[in-house]
>>> print(open('data.cif').read())   # mmCIF, all heavy atoms
data_data
#
loop_
_atom_site.label_atom_id
_atom_site.label_comp_id
_atom_site.auth_asym_id
_atom_site.auth_seq_id
_atom_site.Cartn_x
_atom_site.Cartn_y
_atom_site.Cartn_z
N MET A 1 119.09 133.77 95.52
CA MET A 1 119.74 132.76 94.71
C MET A 1 119.09 132.64 93.34
O MET A 1 119.75 132.30 92.39
CB MET A 1 119.71 131.43 95.45
CG MET A 1 120.53 130.37 94.82
SD MET A 1 122.27 130.80 94.89
CE MET A 1 123.00 129.28 94.45
N LYS A 2 117.81 132.93 93.22
CA LYS A 2 117.15 132.81 91.94
C LYS A 2 117.70 133.79 90.91
O LYS A 2 117.59 133.55 89.72
CB LYS A 2 115.64 133.00 92.09
CG LYS A 2 114.97 131.83 92.76
CD LYS A 2 113.48 131.92 92.68
CE LYS A 2 112.89 130.69 93.32
NZ LYS A 2 111.54 130.45 92.93
N MET A 3 118.30 134.88 91.38
CA MET A 3 118.89 135.84 90.45
C MET A 3 120.14 135.25 89.79
O MET A 3 120.49 135.63 88.68
CB MET A 3 119.25 137.14 91.18
CG MET A 3 118.04 137.88 91.68
SD MET A 3 118.33 139.40 92.61
CE MET A 3 120.04 139.65 92.62
N VAL A 4 120.78 134.32 90.44
CA VAL A 4 122.00 133.71 89.93
C VAL A 4 121.68 132.55 88.98
O VAL A 4 122.48 132.20 88.12
CB VAL A 4 122.88 133.22 91.10
CG1 VAL A 4 124.13 132.53 90.61
CG2 VAL A 4 123.23 134.38 92.01
N ASN A 5 120.50 131.95 89.11
CA ASN A 5 120.13 130.78 88.31
C ASN A 5 120.38 130.94 86.81
O ASN A 5 120.92 130.03 86.19
CB ASN A 5 118.68 130.38 88.55
CG ASN A 5 118.51 129.55 89.79
OD1 ASN A 5 119.47 129.08 90.38
ND2 ASN A 5 117.28 129.36 90.22
N PRO A 6 120.01 132.06 86.18
CA PRO A 6 120.26 132.18 84.74
C PRO A 6 121.74 132.13 84.36
O PRO A 6 122.09 131.79 83.24
CB PRO A 6 119.67 133.54 84.38
CG PRO A 6 118.68 133.82 85.44
CD PRO A 6 119.22 133.18 86.68
N LEU A 7 122.60 132.43 85.31
CA LEU A 7 124.04 132.41 85.04
C LEU A 7 124.63 131.01 85.16
O LEU A 7 125.75 130.76 84.69
CB LEU A 7 124.77 133.35 86.01
CG LEU A 7 124.31 134.81 85.99
CD1 LEU A 7 125.02 135.59 87.09
CD2 LEU A 7 124.55 135.43 84.64
N LEU A 8 123.90 130.11 85.78
CA LEU A 8 124.39 128.75 85.99
C LEU A 8 123.99 127.88 84.81
O LEU A 8 122.91 127.29 84.77
CB LEU A 8 123.84 128.18 87.30
CG LEU A 8 124.24 128.95 88.55
CD1 LEU A 8 123.51 128.41 89.77
CD2 LEU A 8 125.73 128.93 88.77
N VAL A 9 124.86 127.81 83.83
CA VAL A 9 124.60 127.04 82.61
C VAL A 9 125.70 126.00 82.44
O VAL A 9 126.74 126.05 83.10
CB VAL A 9 124.54 127.95 81.37
CG1 VAL A 9 123.35 128.88 81.44
CG2 VAL A 9 125.81 128.75 81.20
N GLY A 10 125.47 125.08 81.55
CA GLY A 10 126.46 124.03 81.29
C GLY A 10 126.68 123.15 82.50
O GLY A 10 125.73 122.69 83.13
N SER A 11 127.93 122.92 82.85
CA SER A 11 128.24 122.04 83.96
C SER A 11 127.86 122.64 85.32
O SER A 11 127.72 121.92 86.30
CB SER A 11 129.72 121.67 83.96
OG SER A 11 130.51 122.84 84.13
N ALA A 12 127.65 123.96 85.38
CA ALA A 12 127.24 124.62 86.63
C ALA A 12 125.74 124.53 86.86
O ALA A 12 125.25 124.90 87.92
CB ALA A 12 127.67 126.07 86.63
N ARG A 13 124.99 124.00 85.89
CA ARG A 13 123.53 123.89 86.00
C ARG A 13 123.10 123.08 87.23
O ARG A 13 122.07 123.34 87.83
CB ARG A 13 122.97 123.26 84.73
CG ARG A 13 121.48 123.16 84.70
CD ARG A 13 121.01 122.58 83.37
NE ARG A 13 119.58 122.48 83.35
CZ ARG A 13 118.77 123.44 82.92
NH1 ARG A 13 119.28 124.56 82.47
NH2 ARG A 13 117.47 123.28 82.95
N LYS A 14 123.93 122.12 87.62
CA LYS A 14 123.57 121.27 88.76
C LYS A 14 123.54 122.03 90.09
O LYS A 14 123.08 121.51 91.09
CB LYS A 14 124.52 120.08 88.85
CG LYS A 14 125.96 120.44 89.06
CD LYS A 14 126.81 119.19 89.01
CE LYS A 14 128.27 119.54 88.99
NZ LYS A 14 129.09 118.35 88.79
N TYR A 15 124.01 123.27 90.10
CA TYR A 15 124.01 124.07 91.32
C TYR A 15 122.86 125.07 91.39
O TYR A 15 122.82 125.89 92.29
CB TYR A 15 125.35 124.82 91.45
CG TYR A 15 126.52 123.88 91.52
CD1 TYR A 15 127.43 123.81 90.48
CD2 TYR A 15 126.69 123.05 92.61
CE1 TYR A 15 128.50 122.94 90.54
CE2 TYR A 15 127.75 122.18 92.68
CZ TYR A 15 128.66 122.12 91.63
OH TYR A 15 129.71 121.24 91.69
N ARG A 16 121.90 124.99 90.47
CA ARG A 16 120.75 125.90 90.49
C ARG A 16 119.88 125.62 91.72
O ARG A 16 119.80 124.50 92.21
CB ARG A 16 119.89 125.71 89.24
CG ARG A 16 120.52 126.27 88.01
CD ARG A 16 119.59 126.14 86.85
NE ARG A 16 120.13 126.88 85.71
CZ ARG A 16 119.42 127.25 84.68
NH1 ARG A 16 118.15 126.91 84.60
NH2 ARG A 16 119.96 127.92 83.71
N SER A 17 119.20 126.66 92.17
CA SER A 17 118.31 126.49 93.32
C SER A 17 117.00 125.83 92.86
O SER A 17 116.59 125.98 91.71
CB SER A 17 118.02 127.84 93.97
OG SER A 17 117.32 128.67 93.07
N ILE A 18 116.39 125.08 93.77
CA ILE A 18 115.10 124.46 93.51
C ILE A 18 114.22 124.66 94.74
O ILE A 18 114.71 124.90 95.84
CB ILE A 18 115.23 122.96 93.17
CG1 ILE A 18 115.97 122.21 94.26
CG2 ILE A 18 115.91 122.75 91.84
CD1 ILE A 18 116.02 120.74 94.05
N SER A 19 112.92 124.56 94.55
CA SER A 19 111.99 124.81 95.65
C SER A 19 111.87 123.59 96.56
O SER A 19 112.17 122.46 96.17
CB SER A 19 110.61 125.16 95.09
OG SER A 19 110.02 124.03 94.49
N GLY A 20 111.40 123.83 97.74
CA GLY A 20 111.15 122.74 98.69
C GLY A 20 110.10 121.77 98.19
O GLY A 20 110.17 120.57 98.45
N GLU A 21 109.12 122.29 97.44
CA GLU A 21 108.08 121.43 96.87
C GLU A 21 108.69 120.45 95.87
O GLU A 21 108.30 119.28 95.82
CB GLU A 21 107.00 122.26 96.18
CG GLU A 21 106.12 123.02 97.14
CD GLU A 21 106.69 124.38 97.52
OE1 GLU A 21 107.69 124.83 96.92
OE2 GLU A 21 106.15 125.00 98.45
N GLN A 22 109.65 120.93 95.07
CA GLN A 22 110.32 120.04 94.11
C GLN A 22 111.10 118.95 94.84
O GLN A 22 111.08 117.80 94.42
CB GLN A 22 111.27 120.83 93.21
CG GLN A 22 110.59 121.64 92.14
CD GLN A 22 111.59 122.37 91.30
OE1 GLN A 22 112.35 123.18 91.83
NE2 GLN A 22 111.60 122.12 90.01
N VAL A 23 111.78 119.31 95.91
CA VAL A 23 112.55 118.34 96.68
C VAL A 23 111.63 117.29 97.28
O VAL A 23 111.87 116.09 97.17
CB VAL A 23 113.38 119.03 97.78
CG1 VAL A 23 114.06 118.00 98.67
CG2 VAL A 23 114.40 119.97 97.18
N ALA A 24 110.53 117.73 97.88
CA ALA A 24 109.58 116.79 98.50
C ALA A 24 108.98 115.85 97.47
O ALA A 24 108.88 114.64 97.70
CB ALA A 24 108.49 117.57 99.22
N TYR A 25 108.57 116.39 96.33
CA TYR A 25 107.98 115.56 95.28
C TYR A 25 108.98 114.54 94.76
O TYR A 25 108.66 113.36 94.61
CB TYR A 25 107.46 116.44 94.14
CG TYR A 25 106.73 115.66 93.08
CD1 TYR A 25 105.38 115.36 93.23
CD2 TYR A 25 107.38 115.22 91.93
CE1 TYR A 25 104.71 114.64 92.27
CE2 TYR A 25 106.72 114.50 90.96
CZ TYR A 25 105.37 114.21 91.13
OH TYR A 25 104.71 113.50 90.18
N ALA A 26 110.20 114.99 94.51
CA ALA A 26 111.24 114.09 94.01
C ALA A 26 111.56 112.99 95.03
O ALA A 26 111.76 111.83 94.66
CB ALA A 26 112.51 114.87 93.67
N MET A 27 111.59 113.35 96.32
CA MET A 27 111.83 112.35 97.36
C MET A 27 110.75 111.27 97.33
O MET A 27 111.05 110.07 97.45
CB MET A 27 111.88 113.01 98.73
CG MET A 27 113.13 113.82 98.97
SD MET A 27 113.10 114.74 100.52
CE MET A 27 113.07 113.43 101.71
N LYS A 28 109.53 111.68 97.16
CA LYS A 28 108.41 110.73 97.12
C LYS A 28 108.54 109.81 95.90
O LYS A 28 108.43 108.59 96.01
CB LYS A 28 107.08 111.47 97.09
CG LYS A 28 105.88 110.55 97.10
CD LYS A 28 104.59 111.32 97.15
CE LYS A 28 104.20 111.74 95.75
NZ LYS A 28 102.86 112.30 95.65
N VAL A 29 108.79 110.40 94.74
CA VAL A 29 108.91 109.61 93.51
C VAL A 29 110.07 108.63 93.59
O VAL A 29 109.92 107.45 93.27
CB VAL A 29 109.07 110.55 92.28
CG1 VAL A 29 109.46 109.77 91.04
CG2 VAL A 29 107.81 111.35 92.05
N ILE A 30 111.20 109.10 94.06
CA ILE A 30 112.38 108.23 94.16
C ILE A 30 112.14 107.11 95.16
O ILE A 30 112.49 105.96 94.91
CB ILE A 30 113.62 109.07 94.53
CG1 ILE A 30 113.99 110.00 93.37
CG2 ILE A 30 114.80 108.17 94.89
CD1 ILE A 30 114.98 111.08 93.74
N ALA A 31 111.52 107.42 96.29
CA ALA A 31 111.26 106.40 97.31
C ALA A 31 110.31 105.33 96.79
O ALA A 31 110.48 104.15 97.09
CB ALA A 31 110.69 107.05 98.56
N LEU A 32 109.31 105.72 96.02
CA LEU A 32 108.35 104.76 95.51
C LEU A 32 108.92 103.92 94.37
O LEU A 32 108.53 102.77 94.21
CB LEU A 32 107.08 105.47 95.04
CG LEU A 32 106.25 106.12 96.15
CD1 LEU A 32 105.10 106.92 95.56
CD2 LEU A 32 105.73 105.07 97.12
N ARG A 33 109.83 104.46 93.61
CA ARG A 33 110.42 103.74 92.48
C ARG A 33 111.60 102.87 92.89
O ARG A 33 111.87 101.86 92.26
CB ARG A 33 110.91 104.72 91.42
CG ARG A 33 109.82 105.37 90.64
CD ARG A 33 110.42 106.19 89.54
NE ARG A 33 109.40 106.94 88.84
CZ ARG A 33 109.64 107.84 87.92
NH1 ARG A 33 110.89 108.12 87.60
NH2 ARG A 33 108.67 108.48 87.32
N SER A 34 112.31 103.26 93.91
CA SER A 34 113.55 102.61 94.28
C SER A 34 113.29 101.31 95.04
O SER A 34 112.56 101.29 96.01
CB SER A 34 114.40 103.54 95.14
OG SER A 34 115.59 102.88 95.51
N LYS A 35 113.93 100.27 94.59
CA LYS A 35 113.84 98.97 95.27
C LYS A 35 115.12 98.69 96.06
O LYS A 35 115.19 97.76 96.84
CB LYS A 35 113.63 97.85 94.25
CG LYS A 35 112.42 98.03 93.38
CD LYS A 35 111.15 97.74 94.13
CE LYS A 35 109.98 97.75 93.18
NZ LYS A 35 108.93 98.63 93.52
N GLU A 36 116.13 99.48 95.83
CA GLU A 36 117.41 99.26 96.47
C GLU A 36 117.49 100.00 97.79
O GLU A 36 116.90 101.05 97.98
CB GLU A 36 118.53 99.74 95.55
CG GLU A 36 118.54 99.03 94.21
CD GLU A 36 119.54 99.61 93.25
OE1 GLU A 36 120.36 100.45 93.68
OE2 GLU A 36 119.51 99.22 92.09
N GLN A 37 118.25 99.46 98.71
CA GLN A 37 118.47 100.07 100.01
C GLN A 37 119.87 100.67 100.04
O GLN A 37 120.79 100.10 100.60
CB GLN A 37 118.33 99.01 101.11
CG GLN A 37 116.97 98.40 101.20
CD GLN A 37 115.96 99.38 101.76
OE1 GLN A 37 116.29 100.25 102.56
NE2 GLN A 37 114.72 99.25 101.34
N LYS A 38 120.06 101.81 99.38
CA LYS A 38 121.37 102.44 99.39
C LYS A 38 121.21 103.95 99.45
O LYS A 38 120.15 104.49 99.21
CB LYS A 38 122.18 102.06 98.16
CG LYS A 38 121.59 102.53 96.85
CD LYS A 38 122.48 102.15 95.70
CE LYS A 38 121.95 102.74 94.41
NZ LYS A 38 122.83 102.49 93.30
N VAL A 39 122.28 104.61 99.77
CA VAL A 39 122.30 106.07 99.84
C VAL A 39 122.73 106.60 98.48
O VAL A 39 123.74 106.16 97.92
CB VAL A 39 123.28 106.55 100.94
CG1 VAL A 39 123.39 108.06 100.91
CG2 VAL A 39 122.83 106.06 102.30
N THR A 40 121.97 107.54 97.95
CA THR A 40 122.29 108.15 96.67
C THR A 40 122.21 109.66 96.82
O THR A 40 121.28 110.17 97.44
CB THR A 40 121.29 107.69 95.59
OG1 THR A 40 121.27 106.27 95.55
CG2 THR A 40 121.69 108.22 94.23
N ILE A 41 123.16 110.35 96.26
CA ILE A 41 123.17 111.81 96.30
C ILE A 41 122.74 112.32 94.93
O ILE A 41 123.31 111.94 93.91
CB ILE A 41 124.57 112.35 96.65
CG1 ILE A 41 124.96 111.86 98.04
CG2 ILE A 41 124.60 113.87 96.56
CD1 ILE A 41 126.38 112.16 98.43
N TYR A 42 121.71 113.18 94.92
CA TYR A 42 121.20 113.76 93.69
C TYR A 42 121.52 115.24 93.65
O TYR A 42 121.39 115.93 94.65
CB TYR A 42 119.67 113.58 93.62
CG TYR A 42 119.23 112.16 93.49
CD1 TYR A 42 118.85 111.42 94.60
CD2 TYR A 42 119.16 111.54 92.25
CE1 TYR A 42 118.44 110.11 94.49
CE2 TYR A 42 118.75 110.22 92.12
CZ TYR A 42 118.39 109.51 93.25
OH TYR A 42 117.98 108.22 93.13
N THR A 43 121.93 115.73 92.49
CA THR A 43 122.15 117.17 92.32
C THR A 43 120.81 117.83 91.99
O THR A 43 119.84 117.15 91.66
CB THR A 43 123.16 117.43 91.19
OG1 THR A 43 122.66 116.87 89.97
CG2 THR A 43 124.52 116.85 91.51
N SER A 44 120.76 119.14 92.07
CA SER A 44 119.49 119.84 91.86
C SER A 44 118.94 119.62 90.46
O SER A 44 117.72 119.53 90.28
CB SER A 44 119.63 121.33 92.15
OG SER A 44 120.54 121.93 91.25
N ASP A 45 119.79 119.50 89.45
CA ASP A 45 119.26 119.26 88.11
C ASP A 45 118.67 117.86 87.98
O ASP A 45 117.69 117.65 87.27
CB ASP A 45 120.31 119.52 87.03
CG ASP A 45 121.54 118.64 87.14
OD1 ASP A 45 121.84 118.16 88.24
OD2 ASP A 45 122.22 118.47 86.12
N GLU A 46 119.20 116.89 88.70
CA GLU A 46 118.62 115.54 88.70
C GLU A 46 117.28 115.54 89.44
O GLU A 46 116.33 114.88 89.00
CB GLU A 46 119.58 114.55 89.36
CG GLU A 46 120.85 114.33 88.58
CD GLU A 46 121.86 113.50 89.33
OE1 GLU A 46 122.03 113.72 90.56
OE2 GLU A 46 122.49 112.65 88.70
N ILE A 47 117.19 116.25 90.54
CA ILE A 47 115.93 116.35 91.28
C ILE A 47 114.87 117.02 90.42
O ILE A 47 113.71 116.61 90.41
CB ILE A 47 116.13 117.09 92.61
CG1 ILE A 47 116.99 116.26 93.55
CG2 ILE A 47 114.79 117.42 93.26
CD1 ILE A 47 117.41 116.96 94.81
N ALA A 48 115.25 118.06 89.69
CA ALA A 48 114.30 118.76 88.83
C ALA A 48 113.71 117.85 87.76
O ALA A 48 112.57 118.02 87.36
CB ALA A 48 114.97 119.96 88.20
N LYS A 49 114.46 116.85 87.32
CA LYS A 49 113.94 115.88 86.34
C LYS A 49 112.83 115.04 86.94
O LYS A 49 111.89 114.66 86.25
CB LYS A 49 115.06 114.97 85.85
CG LYS A 49 116.08 115.67 84.99
CD LYS A 49 117.18 114.71 84.61
CE LYS A 49 118.33 115.43 83.95
NZ LYS A 49 119.46 114.53 83.68
N PHE A 50 112.90 114.73 88.23
CA PHE A 50 111.88 113.95 88.91
C PHE A 50 110.66 114.79 89.25
O PHE A 50 109.56 114.26 89.35
CB PHE A 50 112.42 113.35 90.22
CG PHE A 50 113.34 112.19 90.03
CD1 PHE A 50 114.69 112.33 90.24
CD2 PHE A 50 112.85 110.95 89.63
CE1 PHE A 50 115.56 111.25 90.07
CE2 PHE A 50 113.70 109.89 89.47
CZ PHE A 50 115.06 110.03 89.68
N ALA A 51 110.86 116.06 89.47
CA ALA A 51 109.78 116.95 89.96
C ALA A 51 109.60 118.14 89.04
O ALA A 51 110.08 119.22 89.30
CB ALA A 51 110.12 117.43 91.37
N PRO A 52 108.88 117.96 87.95
CA PRO A 52 108.68 119.07 87.01
C PRO A 52 107.60 120.03 87.47
O PRO A 52 106.55 120.15 86.85
CB PRO A 52 108.28 118.36 85.72
CG PRO A 52 107.58 117.13 86.19
CD PRO A 52 108.26 116.75 87.47
N LEU A 53 107.84 120.71 88.58
CA LEU A 53 106.83 121.66 89.11
C LEU A 53 107.13 123.07 88.67
O LEU A 53 108.16 123.51 88.49
CB LEU A 53 106.81 121.60 90.63
CG LEU A 53 106.41 120.26 91.23
CD1 LEU A 53 106.51 120.33 92.74
CD2 LEU A 53 105.01 119.87 90.85
#
>>> encode(input="data.cif", output="structure tokens")
Amino acid sequence: MKMVNPLLVGSARKYRSISGEQVAYAMKVIALRSKEQKVTIYTSDEIAKFAPL
């Protein structure tokens, strides 16, 4: 999938692959910052903003 990442630009950027470490880090940051009890769906580009690894 990493070979396809450079082709995913513009509105397709949200479909880029990210590492498990980035997902785990972002989950931790979001859980510690969030005061609300709701379900939120994050795209990979949004997760990457939380986890700059």
>>> atom_distance(input="data.cif", atom1="CA of Phe50 (chain A)", atom2="CA of Lys35 (chain A)")
16.4 Å
>>> residues_around(input="data.cif", residues="Arg13 (chain A)", least_positions_apart="6", cutoff="10 Å", atoms="only C-alpha atoms", output="ChimeraX atom specification")
/A:5-7,43-45
>>> select_by_dssp(input="data.cif", residues="chain A", states="alpha helix (DSSP H)", output="list in words")
Gly20, Glu21, Gln22, Val23, Ala24, Tyr25, Ala26, Met27, Lys28, Val29, Ile30, Ala31, Leu32, Arg33, Ser44, Asp45, Glu46, Ile47, Ala48, Lys49 and Phe50 of chain A
>>> atom_distance(input="data.cif", atom1="CA of Ala51 (chain A)", atom2="CA of Val39 (chain A)")
19.3 Å
>>> residues_around(input="data.cif", residues="Tyr25 (chain A)", least_positions_apart="6", cutoff="12 Å", atoms="only C-alpha atoms", output="PyMOL selection string")
chain A and resi 18-19+31-32+47-53
>>> atom_distance(input="data.cif", atom1="atom N of Arg16 (chain A)", atom2="atom O of Glu46 (chain A)")
11.6 Å
>>> residues_near_point(input="data.cif", point="(122.8, 124.5, 93.9)", cutoff="6 Å", atoms="all atoms listed in the file", output="compact mmCIF listing (two decimals) with all heavy atoms, keeping the file's coordinate frame")
# COMPACT_ATOMS: atom_id res chain seq x y z
N MET A 1 119.09 133.77 95.52
CA MET A 1 119.74 132.76 94.71
C MET A 1 119.09 132.64 93.34
O MET A 1 119.75 132.30 92.39
CB MET A 1 119.71 131.43 95.45
CG MET A 1 120.53 130.37 94.82
SD MET A 1 122.27 130.80 94.89
CE MET A 1 123.00 129.28 94.45
N LEU A 8 123.90 130.11 85.78
CA LEU A 8 124.39 128.75 85.99
C LEU A 8 123.99 127.88 84.81
O LEU A 8 122.91 127.29 84.77
CB LEU A 8 123.84 128.18 87.30
CG LEU A 8 124.24 128.95 88.55
CD1 LEU A 8 123.51 128.41 89.77
CD2 LEU A 8 125.73 128.93 88.77
N LYS A 14 123.93 122.12 87.62
CA LYS A 14 123.57 121.27 88.76
C LYS A 14 123.54 122.03 90.09
O LYS A 14 123.08 121.51 91.09
CB LYS A 14 124.52 120.08 88.85
CG LYS A 14 125.96 120.44 89.06
CD LYS A 14 126.81 119.19 89.01
CE LYS A 14 128.27 119.54 88.99
NZ LYS A 14 129.09 118.35 88.79
N TYR A 15 124.01 123.27 90.10
CA TYR A 15 124.01 124.07 91.32
C TYR A 15 122.86 125.07 91.39
O TYR A 15 122.82 125.89 92.29
CB TYR A 15 125.35 124.82 91.45
CG TYR A 15 126.52 123.88 91.52
CD1 TYR A 15 127.43 123.81 90.48
CD2 TYR A 15 126.69 123.05 92.61
CE1 TYR A 15 128.50 122.94 90.54
CE2 TYR A 15 127.75 122.18 92.68
CZ TYR A 15 128.66 122.12 91.63
OH TYR A 15 129.71 121.24 91.69
N ARG A 16 121.90 124.99 90.47
CA ARG A 16 120.75 125.90 90.49
C ARG A 16 119.88 125.62 91.72
O ARG A 16 119.80 124.50 92.21
CB ARG A 16 119.89 125.71 89.24
CG ARG A 16 120.52 126.27 88.01
CD ARG A 16 119.59 126.14 86.85
NE ARG A 16 120.13 126.88 85.71
CZ ARG A 16 119.42 127.25 84.68
NH1 ARG A 16 118.15 126.91 84.60
NH2 ARG A 16 119.96 127.92 83.71
N SER A 17 119.20 126.66 92.17
CA SER A 17 118.31 126.49 93.32
C SER A 17 117.00 125.83 92.86
O SER A 17 116.59 125.98 91.71
CB SER A 17 118.02 127.84 93.97
OG SER A 17 117.32 128.67 93.07
N SER A 44 120.76 119.14 92.07
CA SER A 44 119.49 119.84 91.86
C SER A 44 118.94 119.62 90.46
O SER A 44 117.72 119.53 90.28
CB SER A 44 119.63 121.33 92.15
OG SER A 44 120.54 121.93 91.25
>>> decode(input="data.cif", residues="region 26-51 of chain A", atoms="N, CA and C atoms", output="short mmCIF file (atom, residue, chain, number, x, y, z; two decimals), in the first residue's frame")
data_model
loop_
_atom_site.label_atom_id
_atom_site.label_comp_id
_atom_site.auth_asym_id
_atom_site.auth_seq_id
_atom_site.Cartn_x
_atom_site.Cartn_y
_atom_site.Cartn_z
N ALA A 26 -2.27 8.35 18.22
CA ALA A 26 -3.42 9.23 18.02
C ALA A 26 -4.57 8.84 18.94
N MET A 27 -4.79 7.54 19.13
CA MET A 27 -5.85 7.09 20.05
C MET A 27 -5.59 7.60 21.46
N LYS A 28 -4.36 7.54 21.88
CA LYS A 28 -4.00 8.01 23.23
C LYS A 28 -4.23 9.52 23.35
N VAL A 29 -3.75 10.28 22.37
CA VAL A 29 -3.90 11.73 22.40
C VAL A 29 -5.37 12.13 22.39
N ILE A 30 -6.14 11.52 21.52
CA ILE A 30 -7.56 11.85 21.41
C ILE A 30 -8.30 11.48 22.70
N ALA A 31 -7.98 10.33 23.27
CA ALA A 31 -8.65 9.91 24.51
C ALA A 31 -8.34 10.85 25.66
N LEU A 32 -7.11 11.33 25.74
CA LEU A 32 -6.74 12.22 26.83
C LEU A 32 -7.30 13.63 26.65
N ARG A 33 -7.48 14.06 25.43
CA ARG A 33 -8.00 15.41 25.15
C ARG A 33 -9.52 15.47 25.16
N SER A 34 -10.16 14.39 24.81
CA SER A 34 -11.60 14.39 24.62
C SER A 34 -12.34 14.32 25.95
N LYS A 35 -13.28 15.21 26.12
CA LYS A 35 -14.13 15.22 27.31
C LYS A 35 -15.51 14.67 26.99
N GLU A 36 -15.79 14.52 25.72
CA GLU A 36 -17.11 14.08 25.29
C GLU A 36 -17.17 12.56 25.20
N GLN A 37 -18.33 12.01 25.43
CA GLN A 37 -18.56 10.58 25.33
C GLN A 37 -19.33 10.30 24.05
N LYS A 38 -18.65 10.34 22.91
CA LYS A 38 -19.33 10.06 21.66
C LYS A 38 -18.40 9.30 20.72
N VAL A 39 -18.96 8.73 19.71
CA VAL A 39 -18.20 7.98 18.72
C VAL A 39 -17.83 8.94 17.59
N THR A 40 -16.56 8.96 17.23
CA THR A 40 -16.09 9.81 16.16
C THR A 40 -15.24 8.97 15.21
N ILE A 41 -15.44 9.16 13.93
CA ILE A 41 -14.65 8.44 12.93
C ILE A 41 -13.62 9.40 12.36
N TYR A 42 -12.35 9.00 12.41
CA TYR A 42 -11.26 9.80 11.89
C TYR A 42 -10.68 9.16 10.65
N THR A 43 -10.38 9.96 9.64
CA THR A 43 -9.71 9.44 8.44
C THR A 43 -8.21 9.40 8.70
N SER A 44 -7.47 8.72 7.85
CA SER A 44 -6.03 8.56 8.10
C SER A 44 -5.30 9.89 8.09
N ASP A 45 -5.72 10.85 7.29
CA ASP A 45 -5.04 12.14 7.30
C ASP A 45 -5.30 12.90 8.60
N GLU A 46 -6.47 12.73 9.19
CA GLU A 46 -6.76 13.35 10.49
C GLU A 46 -5.94 12.68 11.59
N ILE A 47 -5.81 11.37 11.55
CA ILE A 47 -5.00 10.65 12.54
C ILE A 47 -3.55 11.09 12.43
N ALA A 48 -3.05 11.25 11.22
CA ALA A 48 -1.67 11.67 11.01
C ALA A 48 -1.38 13.03 11.64
N LYS A 49 -2.38 13.90 11.70
CA LYS A 49 -2.21 15.21 12.34
C LYS A 49 -1.99 15.06 13.85
N PHE A 50 -2.61 14.06 14.47
CA PHE A 50 -2.45 13.81 15.89
C PHE A 50 -1.14 13.10 16.20
N ALA A 51 -0.66 12.32 15.27
CA ALA A 51 0.52 11.45 15.51
C ALA A 51 1.60 11.71 14.47
#
